[in-house]
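**Q** For reference, this is coords39.tsv, and it has TSV, C-alpha atoms and all ligand atoms.
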```
chain	number	residue	atom	x	y	z
Q	777	MET	CA	0.00	0.00	0.00
Q	778	ALA	CA	1.39	3.41	-1.00
Q	779	SER	CA	2.02	5.93	1.78
Q	780	LYS	CA	-0.01	8.80	0.29
Q	781	ILE	CA	-3.69	8.72	-0.55
Q	782	PRO	CA	-4.29	7.96	-4.24
Q	783	VAL	CA	-4.92	10.77	-6.75
Q	784	ILE	CA	-7.64	10.15	-9.35
Q	785	ASP	CA	-7.76	12.18	-12.58
Q	786	LEU	CA	-11.43	12.62	-13.47
Q	787	GLN	CA	-10.52	13.37	-17.09
Q	788	ASP	CA	-8.80	10.00	-17.49
Q	789	PHE	CA	-11.71	7.54	-17.56
Q	790	PRO	CA	-12.09	4.61	-18.10
Q	791	GLY	CA	-8.27	4.56	-17.69
Q	792	GLU	CA	-8.35	5.28	-13.93
Q	793	THR	CA	-11.21	2.88	-13.09
Q	794	GLY	CA	-8.98	0.21	-11.54
Q	795	MET	CA	-7.15	2.80	-9.38
Q	796	LEU	CA	-10.47	4.29	-8.28
Q	797	VAL	CA	-11.92	0.95	-7.13
Q	798	ALA	CA	-8.64	0.03	-5.38
Q	799	ALA	CA	-8.67	3.40	-3.57
Q	800	CYS	CA	-12.23	2.75	-2.34
Q	801	GLU	CA	-11.25	-0.73	-1.11
Q	802	GLU	CA	-7.84	-0.04	0.43
Q	803	TRP	CA	-8.07	3.55	1.65
Q	804	GLY	CA	-11.73	4.54	1.66
Q	805	CYS	CA	-10.56	7.89	0.35
Q	806	PHE	CA	-8.72	9.57	-2.53
Q	807	ARG	CA	-7.98	12.99	-3.97
Q	808	ILE	CA	-9.48	14.11	-7.26
Q	809	VAL	CA	-7.96	16.40	-9.89
Q	810	ASN	CA	-9.47	17.88	-13.07
Q	811	TYR	CA	-12.94	18.45	-11.62
Q	812	GLU	CA	-13.05	22.12	-12.81
Q	813	GLY	CA	-15.41	21.36	-15.73
Q	814	ILE	CA	-18.13	20.75	-13.11
Q	815	LEU	CA	-16.88	22.75	-10.11
Q	816	PRO	CA	-14.77	25.73	-11.27
Q	817	ASP	CA	-12.08	27.22	-9.00
Q	818	SER	CA	-13.87	30.60	-9.09
Q	819	LEU	CA	-16.95	28.99	-7.49
Q	820	LEU	CA	-14.81	27.25	-4.83
Q	821	TYR	CA	-13.29	30.63	-4.00
Q	822	GLU	CA	-16.64	32.46	-3.86
Q	823	MET	CA	-18.18	29.76	-1.69
Q	824	ARG	CA	-15.26	30.00	0.74
Q	825	GLN	CA	-15.98	33.73	1.19
Q	826	VAL	CA	-19.68	33.02	1.80
Q	827	VAL	CA	-18.90	30.28	4.32
Q	828	GLY	CA	-16.60	32.60	6.28
Q	829	SER	CA	-19.36	35.23	6.53
Q	830	LEU	CA	-22.12	32.78	7.50
Q	831	LEU	CA	-20.08	31.23	10.29
Q	832	ASP	CA	-19.31	34.74	11.62
Q	833	LEU	CA	-23.04	35.45	12.12
Q	834	PRO	CA	-24.29	35.97	15.69
Q	835	ALA	CA	-25.06	32.75	17.59
Q	836	GLU	CA	-28.80	33.45	17.65
Q	837	VAL	CA	-28.93	33.67	13.84
Q	838	LYS	CA	-26.90	30.45	13.38
Q	839	ALA	CA	-29.28	28.70	15.80
Q	840	ARG	CA	-32.09	29.23	13.24
Q	841	ASN	CA	-30.37	26.58	11.07
Q	842	ARG	CA	-32.35	23.73	12.64
Q	843	ASP	CA	-32.16	19.99	11.98
Q	844	VAL	CA	-34.23	18.76	9.01
Q	845	ILE	CA	-33.01	15.19	9.53
Q	846	PRO	CA	-31.18	14.17	12.72
Q	847	GLY	CA	-27.88	16.06	12.99
Q	848	SER	CA	-28.27	18.15	9.81
Q	849	GLY	CA	-28.52	21.63	11.36
Q	850	TYR	CA	-26.31	23.98	13.39
Q	851	MET	CA	-23.77	22.39	15.68
Q	852	ALA	CA	-22.41	24.76	18.32
Q	853	PRO	CA	-19.02	24.15	19.96
Q	854	SER	CA	-19.54	21.28	22.42
Q	855	PRO	CA	-17.61	19.58	25.23
Q	856	VAL	CA	-16.58	16.83	22.75
Q	857	ASN	CA	-15.54	19.24	19.96
Q	858	PRO	CA	-15.00	22.62	21.69
Q	859	LEU	CA	-13.05	24.21	18.79
Q	860	TYR	CA	-15.60	23.26	16.14
Q	861	GLU	CA	-18.94	24.58	14.89
Q	862	ALA	CA	-20.92	23.88	11.73
Q	863	LEU	CA	-23.97	24.89	9.72
Q	864	GLY	CA	-25.74	22.36	7.51
Q	865	LEU	CA	-28.05	22.26	4.51
Q	866	TYR	CA	-30.02	19.06	4.01
Q	867	ASP	CA	-31.29	18.26	0.52
Q	868	THR	CA	-29.06	20.46	-1.58
Q	869	SER	CA	-30.92	19.41	-4.74
Q	870	SER	CA	-34.15	21.01	-3.51
Q	871	PRO	CA	-34.42	24.74	-4.44
Q	872	GLN	CA	-36.91	25.13	-1.53
Q	873	ALA	CA	-34.42	23.67	0.96
Q	874	VAL	CA	-31.64	25.94	-0.36
Q	875	ASP	CA	-34.02	28.89	-0.08
Q	876	ALA	CA	-35.01	28.06	3.51
Q	877	PHE	CA	-31.35	27.68	4.53
Q	878	CYS	CA	-30.51	31.07	3.00
Q	879	SER	CA	-33.56	32.86	4.44
Q	880	ASN	CA	-32.89	31.55	7.96
Q	881	LEU	CA	-29.37	32.97	7.77
Q	882	ASP	CA	-30.41	36.30	6.18
Q	883	ALA	CA	-28.19	35.55	3.15
Q	884	THR	CA	-27.79	38.35	0.60
Q	885	PRO	CA	-28.94	37.76	-3.02
Q	886	GLN	CA	-25.29	37.38	-4.04
Q	887	GLN	CA	-24.66	34.79	-1.29
Q	888	ARG	CA	-27.83	32.89	-2.32
Q	889	ASP	CA	-26.62	32.78	-5.88
Q	890	VAL	CA	-23.23	31.35	-4.87
Q	891	ILE	CA	-24.78	28.77	-2.49
Q	892	SER	CA	-27.27	27.58	-5.14
Q	893	LYS	CA	-24.58	27.28	-7.82
Q	894	TYR	CA	-22.23	25.49	-5.43
Q	895	ALA	CA	-24.94	23.06	-4.27
Q	896	ARG	CA	-25.83	22.19	-7.88
Q	897	ALA	CA	-22.22	21.75	-8.98
Q	898	VAL	CA	-21.26	19.61	-5.98
Q	899	ASN	CA	-24.31	17.36	-6.44
Q	900	GLU	CA	-23.36	16.86	-10.07
Q	901	LEU	CA	-19.76	16.05	-9.13
Q	902	LEU	CA	-20.80	13.58	-6.42
Q	903	VAL	CA	-23.20	11.79	-8.78
Q	904	ASP	CA	-20.48	11.72	-11.47
Q	905	ILE	CA	-17.88	10.17	-9.12
Q	906	GLY	CA	-20.48	7.75	-7.71
Q	907	GLY	CA	-21.32	6.67	-11.28
Q	908	LYS	CA	-17.65	5.98	-12.06
Q	909	ILE	CA	-17.34	3.85	-8.89
Q	910	VAL	CA	-20.50	1.87	-9.69
Q	911	LEU	CA	-19.34	1.14	-13.25
Q	912	GLY	CA	-15.95	0.14	-11.85
Q	913	LEU	CA	-17.69	-2.58	-9.83
Q	914	GLY	CA	-19.52	-3.80	-12.93
Q	915	VAL	CA	-22.96	-2.68	-11.70
Q	916	ARG	CA	-25.14	-1.55	-14.62
Q	917	GLY	CA	-28.29	0.54	-14.71
Q	918	PHE	CA	-27.75	2.08	-11.26
Q	919	SER	CA	-28.18	5.80	-10.69
Q	920	PHE	CA	-27.63	8.16	-7.76
Q	921	ASP	CA	-29.94	10.77	-9.30
Q	922	ASP	CA	-32.63	10.44	-6.63
Q	923	TRP	CA	-30.30	10.12	-3.65
Q	924	CYS	CA	-30.29	12.92	-1.10
Q	925	CYS	CA	-27.34	15.24	-0.60
Q	926	GLN	CA	-26.35	17.51	2.26
Q	927	PHE	CA	-23.53	19.93	2.90
Q	928	ARG	CA	-21.96	21.03	6.13
Q	929	ILE	CA	-19.79	24.10	6.46
Q	930	ASN	CA	-17.24	23.74	9.23
Q	931	LYS	CA	-15.25	26.27	11.23
Q	932	TYR	CA	-12.40	25.43	13.61
Q	933	LYS	CA	-11.08	28.09	15.98
Q	934	PHE	CA	-7.48	26.99	16.47
Q	935	ALA	CA	-5.25	28.89	18.91
Q	936	PRO	CA	-1.60	28.47	20.04
Q	937	HIS	CA	-2.73	26.74	23.26
Q	938	THR	CA	-4.96	24.23	21.37
Q	939	VAL	CA	-2.17	22.80	19.18
Q	940	ASN	CA	-2.29	18.97	19.29
Q	941	SER	CA	-5.86	18.87	20.57
Q	942	PRO	CA	-8.68	17.47	18.40
Q	943	GLY	CA	-10.70	19.78	16.13
Q	944	VAL	CA	-13.22	17.09	15.32
Q	945	GLN	CA	-13.25	13.66	16.93
Q	946	LEU	CA	-12.52	10.43	15.09
Q	947	HIS	CA	-15.53	9.41	12.98
Q	948	THR	CA	-16.77	7.79	9.81
Q	949	ASP	CA	-19.14	9.76	7.58
Q	950	SER	CA	-22.86	8.97	7.43
Q	951	SER	CA	-22.71	9.07	3.63
Q	952	PHE	CA	-21.91	6.97	0.59
Q	953	LEU	CA	-19.43	9.63	-0.62
Q	954	THR	CA	-18.17	12.86	0.93
Q	955	LEU	CA	-16.53	15.60	-1.12
Q	956	LEU	CA	-14.26	17.62	1.12
Q	957	HIS	CA	-13.32	21.13	0.13
Q	958	ASP	CA	-10.80	21.80	2.85
Q	959	ASP	CA	-9.02	24.91	4.03
Q	960	LYS	CA	-6.46	26.13	1.52
Q	961	ASP	CA	-3.83	26.91	4.17
Q	962	ILE	CA	-4.53	25.22	7.51
Q	963	GLY	CA	-4.26	21.42	7.54
Q	964	GLY	CA	-5.21	18.99	10.26
Q	965	LEU	CA	-7.28	16.33	8.48
Q	966	GLU	CA	-5.97	12.83	9.17
Q	967	VAL	CA	-7.31	9.55	7.78
Q	968	MET	CA	-6.79	6.25	9.56
Q	969	LYS	CA	-5.22	3.47	7.50
Q	970	PRO	CA	-6.44	-0.10	8.07
Q	971	SER	CA	-3.22	-0.59	10.10
Q	972	GLY	CA	-4.50	2.00	12.60
Q	973	GLU	CA	-1.80	4.52	11.62
Q	974	PHE	CA	-2.89	8.11	10.85
Q	975	GLN	CA	-2.05	9.66	7.49
Q	976	PRO	CA	-2.15	13.50	7.33
Q	977	VAL	CA	-4.10	14.85	4.35
Q	978	ASP	CA	-2.62	18.31	3.95
Q	979	PRO	CA	-4.07	21.09	1.76
Q	980	SER	CA	-3.04	20.53	-1.85
Q	981	HIS	CA	-4.02	23.17	-4.40
Q	982	GLY	CA	-6.10	21.94	-7.33
Q	983	THR	CA	-7.28	18.80	-5.51
Q	984	LEU	CA	-10.36	17.88	-3.48
Q	985	VAL	CA	-10.60	14.97	-1.05
Q	986	VAL	CA	-13.28	12.26	-1.34
Q	987	ASN	CA	-14.13	9.95	1.60
Q	988	LEU	CA	-16.29	6.86	1.60
Q	989	GLY	CA	-18.77	6.61	4.46
Q	990	ASP	CA	-20.85	3.94	6.19
Q	991	ILE	CA	-23.37	3.67	3.32
Q	992	ALA	CA	-20.58	2.80	0.86
Q	993	ALA	CA	-19.46	-0.09	3.10
Q	994	VAL	CA	-23.00	-1.52	3.14
Q	995	TRP	CA	-23.85	-0.84	-0.52
Q	996	SER	CA	-20.59	-2.50	-1.69
Q	997	ASN	CA	-21.37	-5.58	0.46
Q	998	GLY	CA	-18.32	-4.88	2.60
Q	999	ARG	CA	-15.82	-4.26	-0.24
Q	1000	PHE	CA	-15.34	-0.55	0.41
Q	1001	LEU	CA	-13.76	0.96	3.52
Q	1002	ASN	CA	-15.73	3.52	5.52
Q	1003	VAL	CA	-12.60	5.44	6.40
Q	1004	LYS	CA	-12.17	6.74	9.95
Q	1005	HIS	CA	-10.84	10.27	10.05
Q	1006	ARG	CA	-10.41	13.24	12.38
Q	1007	VAL	CA	-9.21	16.83	12.36
Q	1008	MET	CA	-6.35	17.80	14.66
Q	1009	CYS	CA	-5.22	21.32	15.53
Q	1010	LYS	CA	-1.73	21.66	14.06
Q	1011	GLU	CA	-1.40	25.45	14.13
Q	1012	ALA	CA	-3.25	28.57	15.27
Q	1013	GLY	CA	-5.79	30.19	12.94
Q	1014	THR	CA	-9.35	29.82	11.69
Q	1015	ARG	CA	-9.80	26.69	9.56
Q	1016	LEU	CA	-12.80	26.52	7.21
Q	1017	SER	CA	-13.96	23.47	5.31
Q	1018	ILE	CA	-17.03	22.33	3.40
Q	1019	ALA	CA	-18.09	18.69	3.45
Q	1020	SER	CA	-20.71	17.72	0.84
Q	1021	PHE	CA	-22.35	14.34	1.28
Q	1022	LEU	CA	-24.06	11.97	-1.15
Q	1023	LEU	CA	-26.05	10.36	1.65
Q	1024	GLY	CA	-28.43	7.61	0.59
Q	1025	PRO	CA	-31.60	6.84	-1.39
Q	1026	LYS	CA	-34.57	9.06	-0.52
Q	1027	ALA	CA	-37.14	6.28	-0.51
Q	1028	GLU	CA	-35.55	2.95	-1.41
Q	1029	MET	CA	-33.63	0.65	0.90
Q	1030	VAL	CA	-29.86	0.79	1.32
Q	1031	GLU	CA	-28.67	-2.62	0.13
Q	1032	ALA	CA	-25.96	-4.14	-2.01
Q	1033	PRO	CA	-27.03	-4.65	-5.65
Q	1034	LEU	CA	-27.39	-8.26	-6.82
Q	1035	GLU	CA	-24.17	-8.06	-8.88
Q	1036	LEU	CA	-22.21	-7.79	-5.61
Q	1037	VAL	CA	-23.84	-10.76	-3.89
Q	1038	ASP	CA	-23.06	-14.41	-4.72
Q	1039	ALA	CA	-22.15	-17.70	-3.03
Q	1040	GLU	CA	-18.62	-16.48	-2.31
Q	1041	HIS	CA	-19.84	-13.05	-1.19
Q	1042	PRO	CA	-23.06	-13.61	0.78
Q	1043	ARG	CA	-25.09	-10.56	1.73
Q	1044	LEU	CA	-23.45	-9.03	4.84
Q	1045	PHE	CA	-26.11	-6.50	5.88
Q	1046	SER	CA	-29.88	-6.56	6.05
Q	1047	PRO	CA	-31.51	-3.76	4.05
Q	1048	PHE	CA	-32.52	-0.55	5.87
Q	1049	THR	CA	-33.74	2.93	5.05
Q	1050	TYR	CA	-31.32	5.83	5.21
Q	1051	HIS	CA	-33.62	7.52	7.70
Q	1052	ASP	CA	-33.52	4.55	10.11
Q	1053	TYR	CA	-29.74	4.38	9.84
Q	1054	ARG	CA	-29.33	8.08	10.49
Q	1055	SER	CA	-31.72	8.16	13.47
Q	1056	LEU	CA	-29.95	5.18	15.05
Q	1057	ARG	CA	-26.52	6.74	14.53
Q	1058	VAL	CA	-27.42	10.17	15.88
Q	1059	SER	CA	-29.56	9.05	18.84
Q	1060	ASN	CA	-26.85	6.65	20.05
Q	1061	SER	CA	-23.84	8.83	19.09
Q	1062	LEU	CA	-22.32	5.99	17.07
Q	1063	GLN	CA	-19.47	7.93	15.47
Q	1064	THR	CA	-17.06	5.34	14.11
Q	1065	GLY	CA	-19.09	2.92	12.00
Q	1066	GLU	CA	-20.85	0.98	14.79
Q	1067	THR	CA	-24.24	1.73	13.19
Q	1068	VAL	CA	-23.31	-0.47	10.25
Q	1069	ASP	CA	-22.67	-3.37	12.63
Q	1070	CYS	CA	-26.26	-3.04	13.91
Q	1071	PHE	CA	-27.41	-4.21	10.45
Q	1072	ARG	CA	-24.80	-6.95	10.03
Q	1073	ILE	CA	-26.25	-10.40	9.31
Q	1074	HIS	CA	-24.83	-12.84	11.84
Q	1075	LYS	CA	-24.20	-16.35	10.55
Q	1076	GLY	CA	-24.11	-19.54	12.55
Q	1101	LIG	O1	-12.93	19.66	8.14
Q	1101	LIG	C1	-12.51	18.64	7.62
Q	1101	LIG	O2	-11.46	18.63	6.95
Q	1101	LIG	C2	-13.23	17.33	7.81
Q	1101	LIG	C3	-14.65	17.49	8.22
Q	1101	LIG	C4	-15.35	16.18	8.32
Q	1101	LIG	O3	-14.75	15.13	8.45
Q	1101	LIG	C5	-16.83	16.13	8.25
Q	1101	LIG	O4	-17.47	17.20	8.20
Q	1101	LIG	O5	-17.39	15.02	8.25
Q	1102	FE	FE	-16.05	13.46	8.16
```
Render the structure in this file as structure tokens.
**A**
Amino acid sequence: MASKIPVIDLQDFPGETGMLVAACEEWGCFRIVNYEGILPDSLLYEMRQVVGSLLDLPAEVKARNRDVIPGSGYMAPSPVNPLYEALGLYDTSSPQAVDAFCSNLDATPQQRDVISKYARAVNELLVDIGGKIVLGLGVRGFSFDDWCCQFRINKYKFAPHTVNSPGVQLHTDSSFLTLLHDDKDIGGLEVMKPSGEFQPVDPSHGTLVVNLGDIAAVWSNGRFLNVKHRVMCKEAGTRLSIASFLLGPKAEMVEAPLELVDAEHPRLFSPFTYHDYRSLRVSNSLQTGETVDCFRIHKG
């Protein structure tokens, strides 16, 4: 296994298919390059400015960003993650949901425009990457078009005296895929390799990070790794990041497609709805993939 997370060139398909599937299996994460046709650098830059302003709003305004599904709304600094706060938008493909998010936070027309464009572009990119992964596994006729997406905009207040303390605790994501648009200067993201060793994922211009979450582990019938990761404070400063999640099907069950189940690879998880998974995870604070084990089929 290489020592750096794999880099996938989105313009080089089907050439990179094997590398992409291997990255999902061995690392549960990878960087992407050449995504600008869908998500231009100018939009990444504009969104970063918007995110900085929204997270600087007074606490009582941020509190209006309430949960739509468990854990989707404002998260204030807490005893577990005292340096961290986040705002969230559930269902980024719904113009009404984008509108409600913006109205609650008194967004200006220009900020609304950037948020809507960003939400659309990120959804398209997530569905595009998901489609490449699915084809790589030989699954035909599958589409992520009616899956729900969410984004979360994160702020970490790092100070000299917080160096080496956690910014966000170790966790897996509650998604199939997460697109991480991280801070351009301040690092701190670390992914855990299967060996248990942490690998820093430092800012790298012109790349975005993709993580696989719990839903990818179930959907792939255990082939893909739901990578554990955390953010550590490495230096003083405000760190901003945006995590966009391709979560799960809106109505259908989360289950491995038939192509991934056979005598040698029996079904590992009983089917469930995304909503049931999410409620179980949030109400029991199951941060590091334990929710998936609740649906594991025990043999013998
Ligand atoms: O801020 C980061 O780099 C990571 C955030 C993250 O892991 C998350 O929002 O799930
Ligand atoms: Fe995460």
**Q** Please return as a ChimeraX atom specification the residues found within 10 Å of ligand FE 1102 (chain Q), counting all atoms listed in the file.
**A** /Q:928,944-951,954-956,965,967,986-989,1003-1007,1019-1021,1063
**Q** Step by step: start from the point (-14.1, 19.8, 20.7) in the file's coordinates, keep every protein, DNA or RNA residue that has an atom no farther than 9 Å from it, count all atoms listed in the file, and write the set as a PyMOL selection string.
**A** chain Q and resi 853-861+941-945
**Q** Could you give me, as a ChimeraX atom specification, the residues within 8 Å of range 842-851 of chain Q, counting all atoms listed in the file and dropping anything in the same chain fewer than 2 positions from it?
**A** /Q:838-840,853,861-866,926,928,1051,1054-1055,1058
**Q** Would you output that residue set with C-alpha atoms, as a PDB file, in the frame of the given file?
**A**
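Heads up, here's the output in part.pdb:
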```pdb
ATOM      1  CA  LYS Q 838     -26.900  30.450  13.380  1.00  0.00           C
ATOM      2  CA  ALA Q 839     -29.280  28.700  15.800  1.00  0.00           C
ATOM      3  CA  ARG Q 840     -32.090  29.230  13.240  1.00  0.00           C
ATOM      4  CA  PRO Q 853     -19.020  24.150  19.960  1.00  0.00           C
ATOM      5  CA  GLU Q 861     -18.940  24.580  14.890  1.00  0.00           C
ATOM      6  CA  ALA Q 862     -20.920  23.880  11.730  1.00  0.00           C
ATOM      7  CA  LEU Q 863     -23.970  24.890   9.720  1.00  0.00           C
ATOM      8  CA  GLY Q 864     -25.740  22.360   7.510  1.00  0.00           C
ATOM      9  CA  LEU Q 865     -28.050  22.260   4.510  1.00  0.00           C
ATOM     10  CA  TYR Q 866     -30.020  19.060   4.010  1.00  0.00           C
ATOM     11  CA  GLN Q 926     -26.350  17.510   2.260  1.00  0.00           C
ATOM     12  CA  ARG Q 928     -21.960  21.030   6.130  1.00  0.00           C
ATOM     13  CA  HIS Q1051     -33.620   7.520   7.700  1.00  0.00           C
ATOM     14  CA  ARG Q1054     -29.330   8.080  10.490  1.00  0.00           C
ATOM     15  CA  SER Q1055     -31.720   8.160  13.470  1.00  0.00           C
ATOM     16  CA  VAL Q1058     -27.420  10.170  15.880  1.00  0.00           C
TER      17      VAL Q1058
END
```
**Q** List every protein, DNA or RNA residue that has an atom no more than 7 Å from (-10.9, -0.5, 8.3) in the file's coordinate frame, counting all atoms listed in the file, and report them as a PyMOL selection string.
**A** chain Q and resi 969-970+1001-1003
**Q** Would you work out the distance separating CA of Glu900 in chain Q from CA of Pro816 in chain Q, expressed in Å to one decimal?
**A** 12.4 Å
**Q** Could you work out how far CA of Ala799 in chain Q lies from CA of Gly1065 in chain Q, giving the answer in Å with one decimal?
**A**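 Between these atoms lies a distance of 18.7 Å.
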**Q** In Å, with one decimal, what is the gap from CA of Val1030 in chain Q to CA of Val994 in chain Q?
**A**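 These atoms are spaced 7.5 Å apart.
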**Q** Find the residue from Q:Leu1016, Q:Val827, Q:Val898, Q:Ile909 that sits nearest to Phe1000 in chain Q; use all atoms listed in the file when measuring.
**A** Q:Ile909
**Q** Around all the atoms of ligand LIG 1101 (chain Q) listed in the file, draw an axis-aligned box and extend it by 8 Å on each of the six sides; I want its centre and edge lengths in Å to one decimal, as AutoDock Vina command-line options.
**A**
```
--center_x -14.5 --center_y 17.3 --center_z 7.7 --size_x 22.0 --size_y 20.6 --size_z 17.5
```
**Q** Using only C-alpha atoms and all ligand atoms, which of the listed residues (Q:Glu966, Q:Glu792, Q:Glu973, Q:Glu1028) sits closest to ligand LIG 1101 (chain Q)?
**A** Q:Glu966
**Q** Measuring between all atoms listed in the file, which one of Q:Phe927, Q:Phe789, Q:Phe1045, Q:Tyr1053 shows the shortest distance to Ile1018 in chain Q?
**A**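 Of the candidates, the smallest distance to Ile1018 in chain Q is held by Q:Phe927.
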**Q** Do a neighbour search on range 881-893 of chain Q at 8 Å with all atoms listed in the file, toss out local chain neighbours closer than 5 positions, and write the hits as a ChimeraX atom specification.
**A** /Q:819,822-823,826,830,837-838,840-841,871,874-875
**Q** Tell me which of Q:Ala1012, Q:Val797, Q:Ala992, Q:Leu833 sits closest to Gly963 in chain Q, counting only C-alpha atoms.
**A**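 Closest residue, counting only C-alpha atoms: Q:Ala1012.
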**Q** Show me, as a tab-separated table (two decimals) with C-alpha atoms, in the coordinates of the input, the residues that have an atom within 9 Å of Lys780 in chain Q when counting all atoms listed in the file, minus same-chain residues fewer than 3 positions from it.
**A**
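This is the output file result-v3.tsv:
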```tsv
chain	number	residue	atom	x	y	z
Q	777	MET	CA	0.00	0.00	0.00
Q	783	VAL	CA	-4.92	10.77	-6.75
Q	975	GLN	CA	-2.05	9.66	7.49
Q	976	PRO	CA	-2.15	13.50	7.33
Q	977	VAL	CA	-4.10	14.85	4.35
```
**Q** Restricting the calculation to all atoms listed in the file, which member of Q:Tyr894, Q:Phe877, Q:Tyr932, Q:Tyr811 is positioned closest to ligand LIG 1101 (chain Q)?
**A**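 For ligand LIG 1101 (chain Q), the nearest of the given residues is Q:Tyr932.
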**Q** Of the residues Q:Leu902, Q:Cys1009, Q:Leu913, Q:Ala876, which is the one nearest to Ala935 in chain Q, using all atoms listed in the file?
**A** Q:Cys1009
**Q** Near Arg1015 in chain Q, counting all atoms listed in the file, which residues have an atom at most 7 Å away, once you skip same-chain residues fewer than 2 positions from it, shown as a list in words?
**A** Lys931, Tyr932, Lys933, Asp959, Ile962, Gly1013 and Ser1017 of chain Q
**Q** Let me see the file: selected residues, C-alpha atoms, as a short mmCIF file (atom, residue, chain, number, x, y, z; two decimals), in the frame of the given file.
**A**
```cif
data_model
loop_
_atom_site.label_atom_id
_atom_site.label_comp_id
_atom_site.auth_asym_id
_atom_site.auth_seq_id
_atom_site.Cartn_x
_atom_site.Cartn_y
_atom_site.Cartn_z
CA LYS Q 931 -15.25 26.27 11.23
CA TYR Q 932 -12.40 25.43 13.61
CA LYS Q 933 -11.08 28.09 15.98
CA ASP Q 959 -9.02 24.91 4.03
CA ILE Q 962 -4.53 25.22 7.51
CA GLY Q 1013 -5.79 30.19 12.94
CA SER Q 1017 -13.96 23.47 5.31
#
```
